[in-house]
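Scroll down for the structure; my scribbles are underneath it.
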Amino acid sequence: MTSPFILRRLKKEVLTELPDKTETVLITEMDEEQKKLYFAHAAQIKAELKTLDDKSDKIKILAMLTRLRQICCDPSLVYENYEGESAKLEQCMELVKSCVESGHKILLFSQFTTMLDTISERLNEENITYFTLTGQTKAKERLNLVNSFNENDVNVFLISLKAGGTGLNLTGADIVIHFDPWWNLSAENQASDRVYRIGQKNNVQIYKLITKDTIEEKMRDLQIKKANLFDTAVGGEGDITNMTADEIISLL
């Protein structure tokens with residue numbers, strides 16, 4: 001029905017000179033302490049959902065799910081006294097070190113600026129150079145950071161997905177790491193396109209880190225479902241605010 005009114009041109013059809021792009025999903029399994037925290041928190045959310053109105057309490061529900069996602073990233077984002085490890089953080093650091101040692105430059109995205117702070121501490125410990133860009137970064141400084149990263153030998157650019165997912169040309173990098181998934185795949189794709197654009201000479205590798213048996217796997221399934229629907233109808237992508245309580249429970 002919509003095809004007479006829509007002209008869609010894909011990047012791979014228009015920019016035929018671009019190098020190859022490969023996407024890899026890396027599954028991380030939580031250790032026992034992190035797993036106990038996660039499932040205890042998920043059980044608490046399930047209990048609370050039964051008392052909430054899924055139409056009027058969307059903000060509260062989203063806040064609860066956000067805490068669950070943070071536990072997947074690193075429980076210390078939610079519990080200050082957490083002394084265990086974050087399986088995903090350890091996997092991420094191994095990946096970063098391997099890429100840096102191979103001479104690659106990396107963009108690392110997360111929705112959580114507190115997670116970027118934690119990663120920056122680990123990068124300092126490993127003597128890996130980096131820049132950070134968040135919503136607090138001023139416009140002039142953003143431009144200076146982008147130009148410096150493309151021109152010098154800084155290894156990693158830590159970027160808040162919402163602040164740096166669009167409008168930046170960072171073809172100096174050829175590795176993209178998405179530390180945590182977002183509800184809509186289009187936001188991740190836009191972020192990845194900071195490196196996969198005109199001027200990129202190297203093959204691009206994109207890594208997506210997903211924690212096994214958690215809400216992140218369900219979010220990934222949701223992304224694929226939406227992408228398939230979008231490709232079929234070239235329509236908009238929904239979000240958490242349009243989901244029913246039953247759909248949210250299925251994420252848990």
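How things are named: the first chain in the structure tokens is A, the next is B, and so on; residues count from 1 in each chain; ligands count from 1 in the order shown.
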
Got a sec to tell me which of region 58-233 of chain A DSSP assigns to strand (DSSP E), as number ranges by chain? A: 106-110, 130-133, 156-160, 175-178, 204-211

Give me the residues within 12 Å of region 212-227 of chain A as a VMD selection string, counting only C-alpha atoms and dropping any in the same chain fewer than 4 places off. chain A and resid 25 to 31 34 to 39 41 to 42 64 to 73 87 to 88 179 to 189 208 231 to 240 243 247 to 252

Based on the selection just made, write C-alpha atoms of those residues as a CSV table (one decimal), in the first residue's frame.
chain,number,residue,atom,x,y,z
A,25,VAL,CA,27.3,-10.5,18.7
A,26,LEU,CA,29.3,-11.5,21.7
A,27,ILE,CA,27.4,-13.4,24.4
A,28,THR,CA,28.6,-13.0,28.0
A,29,GLU,CA,27.6,-15.2,30.9
A,30,MET,CA,27.3,-13.7,34.4
A,31,ASP,CA,29.2,-15.1,37.3
A,34,GLN,CA,26.1,-11.1,39.5
A,35,LYS,CA,23.5,-13.7,38.4
A,36,LYS,CA,21.9,-13.8,41.9
A,37,LEU,CA,21.6,-10.1,42.0
A,38,TYR,CA,20.1,-10.0,38.5
A,39,PHE,CA,17.4,-12.6,39.1
A,41,HIS,CA,16.0,-7.9,41.0
A,42,ALA,CA,14.0,-9.4,38.1
A,64,MET,CA,13.0,-0.5,37.0
A,65,LEU,CA,14.0,-2.0,33.7
A,66,THR,CA,16.9,0.5,33.4
A,67,ARG,CA,18.3,-0.7,36.8
A,68,LEU,CA,18.0,-4.3,35.5
A,69,ARG,CA,20.0,-3.3,32.4
A,70,GLN,CA,22.6,-1.6,34.5
A,71,ILE,CA,23.1,-4.8,36.5
A,72,CYS,CA,23.8,-6.6,33.2
A,73,CYS,CA,26.5,-4.0,32.5
A,87,ALA,CA,31.5,-10.5,33.3
A,88,LYS,CA,30.7,-8.1,30.4
A,179,PHE,CA,28.6,-2.2,25.3
A,180,ASP,CA,24.8,-2.4,25.9
A,181,PRO,CA,21.8,-2.7,23.6
A,182,TRP,CA,19.2,0.0,23.0
A,183,TRP,CA,15.5,-0.6,22.4
A,184,ASN,CA,15.6,0.5,18.8
A,185,LEU,CA,18.2,-1.0,16.4
A,186,SER,CA,18.2,2.2,14.3
A,187,ALA,CA,19.9,4.1,17.2
A,188,GLU,CA,22.8,1.6,17.3
A,189,ASN,CA,23.1,1.6,13.5
A,208,LYS,CA,27.6,-6.0,20.3
A,231,ASP,CA,12.0,-3.7,6.2
A,232,THR,CA,8.6,-5.1,5.3
A,233,ALA,CA,6.6,-1.9,5.8
A,234,VAL,CA,9.3,0.8,5.9
A,235,GLY,CA,7.4,2.1,9.0
A,236,GLY,CA,8.4,3.6,12.3
A,237,GLU,CA,9.9,1.7,15.2
A,238,GLY,CA,8.0,1.5,18.5
A,239,ASP,CA,9.5,1.9,21.9
A,240,ILE,CA,9.1,0.9,25.6
A,243,MET,CA,4.5,-1.9,25.4
A,247,GLU,CA,5.0,-7.6,26.9
A,248,ILE,CA,7.3,-6.1,29.5
A,249,ILE,CA,7.0,-9.2,31.7
A,250,SER,CA,8.1,-11.3,28.7
A,251,LEU,CA,11.4,-9.3,28.7
A,252,LEU,CA,12.1,-10.6,32.2

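Distance check against Asn150 (chain A) using only C-alpha atoms: of A:Pro4, A:Gly199, A:Gly84, A:Gly135, the minimum falls on A:Gly199.
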
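Of the residues under consideration (A:Thr24, A:Ser192, A:Ser160, A:Ser76), A:Ser160 shows the shortest atom-to-atom contact distance to Gln111 (chain A) when counting only C-alpha atoms.
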
Which of these residues is nearest to Ser102 (chain A), using only C-alpha atoms: A:Ser120, A:Asn155, A:Thr137, A:Ser86? A:Asn155

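Of the listed residues (A:Glu32, A:Ile210, A:Thr113, A:Thr244), A:Ile210 comes nearest to Gln91 (chain A); the distances count only C-alpha atoms.
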
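Proximity of A:Ala163, A:Met115, A:Leu95, A:Val156 to Lys138 (chain A), computed with only C-alpha atoms, is greatest for A:Ala163.
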
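What separates CA of Ile59 (chain A) from CA of Phe109 (chain A) is a distance of 23.8 Å.
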
Would you pick out the contacts of Thr118 (chain A) at 9 Å or less, using only C-alpha atoms, so that residues sharing its chain but fewer than 5 positions from it are not included, and give the list as a PyMOL selection string? chain A and resi 74+77+89+113+123

Let's see if you can do this: from backbone DSSP, list all alpha helix (DSSP H) residues in region 120-184 of chain A, as a PDB file with N, CA and C atoms, in the first residue's frame.
ATOM      1  N   SER A 120      36.570   3.944  31.737  1.00  0.00           N
ATOM      2  CA  SER A 120      37.727   4.852  31.670  1.00  0.00           C
ATOM      3  C   SER A 120      38.738   4.544  32.766  1.00  0.00           C
ATOM      4  N   GLU A 121      38.238   4.150  33.941  1.00  0.00           N
ATOM      5  CA  GLU A 121      39.155   3.771  35.031  1.00  0.00           C
ATOM      6  C   GLU A 121      39.983   2.553  34.643  1.00  0.00           C
ATOM      7  N   ARG A 122      39.342   1.592  33.991  1.00  0.00           N
ATOM      8  CA  ARG A 122      40.048   0.391  33.552  1.00  0.00           C
ATOM      9  C   ARG A 122      41.048   0.710  32.438  1.00  0.00           C
ATOM     10  N   LEU A 123      40.675   1.626  31.550  1.00  0.00           N
ATOM     11  CA  LEU A 123      41.594   2.022  30.484  1.00  0.00           C
ATOM     12  C   LEU A 123      42.831   2.705  31.061  1.00  0.00           C
ATOM     13  N   ASN A 124      42.625   3.505  32.108  1.00  0.00           N
ATOM     14  CA  ASN A 124      43.761   4.145  32.782  1.00  0.00           C
ATOM     15  C   ASN A 124      44.710   3.096  33.365  1.00  0.00           C
ATOM     16  N   GLU A 125      44.126   2.060  33.969  1.00  0.00           N
ATOM     17  CA  GLU A 125      44.939   0.990  34.562  1.00  0.00           C
ATOM     18  C   GLU A 125      45.767   0.268  33.504  1.00  0.00           C
ATOM     19  N   ALA A 139      29.785  21.961  22.508  1.00  0.00           N
ATOM     20  CA  ALA A 139      29.831  21.802  21.049  1.00  0.00           C
ATOM     21  C   ALA A 139      31.233  22.029  20.480  1.00  0.00           C
ATOM     22  N   LYS A 140      31.917  23.074  20.931  1.00  0.00           N
ATOM     23  CA  LYS A 140      33.249  23.368  20.419  1.00  0.00           C
ATOM     24  C   LYS A 140      34.220  22.258  20.799  1.00  0.00           C
ATOM     25  N   GLU A 141      34.094  21.766  22.031  1.00  0.00           N
ATOM     26  CA  GLU A 141      34.972  20.693  22.485  1.00  0.00           C
ATOM     27  C   GLU A 141      34.703  19.405  21.720  1.00  0.00           C
ATOM     28  N   ARG A 142      33.433  19.156  21.374  1.00  0.00           N
ATOM     29  CA  ARG A 142      33.083  17.973  20.579  1.00  0.00           C
ATOM     30  C   ARG A 142      33.878  17.953  19.277  1.00  0.00           C
ATOM     31  N   LEU A 143      33.875  19.089  18.584  1.00  0.00           N
ATOM     32  CA  LEU A 143      34.574  19.184  17.300  1.00  0.00           C
ATOM     33  C   LEU A 143      36.065  18.969  17.474  1.00  0.00           C
ATOM     34  N   ASN A 144      36.635  19.562  18.523  1.00  0.00           N
ATOM     35  CA  ASN A 144      38.071  19.389  18.777  1.00  0.00           C
ATOM     36  C   ASN A 144      38.413  17.930  19.078  1.00  0.00           C
ATOM     37  N   LEU A 145      37.560  17.250  19.858  1.00  0.00           N
ATOM     38  CA  LEU A 145      37.790  15.851  20.181  1.00  0.00           C
ATOM     39  C   LEU A 145      37.734  14.984  18.932  1.00  0.00           C
ATOM     40  N   VAL A 146      36.746  15.240  18.087  1.00  0.00           N
ATOM     41  CA  VAL A 146      36.589  14.454  16.856  1.00  0.00           C
ATOM     42  C   VAL A 146      37.801  14.615  15.955  1.00  0.00           C
ATOM     43  N   ASN A 147      38.223  15.867  15.749  1.00  0.00           N
ATOM     44  CA  ASN A 147      39.375  16.113  14.879  1.00  0.00           C
ATOM     45  C   ASN A 147      40.646  15.503  15.457  1.00  0.00           C
ATOM     46  N   SER A 148      40.815  15.626  16.762  1.00  0.00           N
ATOM     47  CA  SER A 148      42.010  15.074  17.401  1.00  0.00           C
ATOM     48  C   SER A 148      42.027  13.553  17.298  1.00  0.00           C
ATOM     49  N   PHE A 149      40.874  12.922  17.515  1.00  0.00           N
ATOM     50  CA  PHE A 149      40.815  11.466  17.457  1.00  0.00           C
ATOM     51  C   PHE A 149      41.134  10.951  16.054  1.00  0.00           C
ATOM     52  N   ASN A 150      40.623  11.633  15.031  1.00  0.00           N
ATOM     53  CA  ASN A 150      40.862  11.195  13.657  1.00  0.00           C
ATOM     54  C   ASN A 150      42.316  11.389  13.223  1.00  0.00           C
ATOM     55  N   GLU A 151      42.994  12.348  13.863  1.00  0.00           N
ATOM     56  CA  GLU A 151      44.329  12.715  13.386  1.00  0.00           C
ATOM     57  C   GLU A 151      45.467  12.142  14.221  1.00  0.00           C
ATOM     58  N   LEU A 161      25.665   7.043  23.835  1.00  0.00           N
ATOM     59  CA  LEU A 161      24.903   6.768  22.616  1.00  0.00           C
ATOM     60  C   LEU A 161      24.000   7.929  22.231  1.00  0.00           C
ATOM     61  N   LYS A 162      23.298   8.493  23.200  1.00  0.00           N
ATOM     62  CA  LYS A 162      22.353   9.566  22.900  1.00  0.00           C
ATOM     63  C   LYS A 162      23.064  10.867  22.497  1.00  0.00           C
ATOM     64  N   ALA A 163      24.247  11.102  23.056  1.00  0.00           N
ATOM     65  CA  ALA A 163      24.958  12.354  22.785  1.00  0.00           C
ATOM     66  C   ALA A 163      25.772  12.290  21.504  1.00  0.00           C
ATOM     67  N   GLY A 164      26.299  11.100  21.177  1.00  0.00           N
ATOM     68  CA  GLY A 164      27.210  11.007  20.043  1.00  0.00           C
ATOM     69  C   GLY A 164      26.816  10.007  18.986  1.00  0.00           C
TER      70      GLY A 164
END
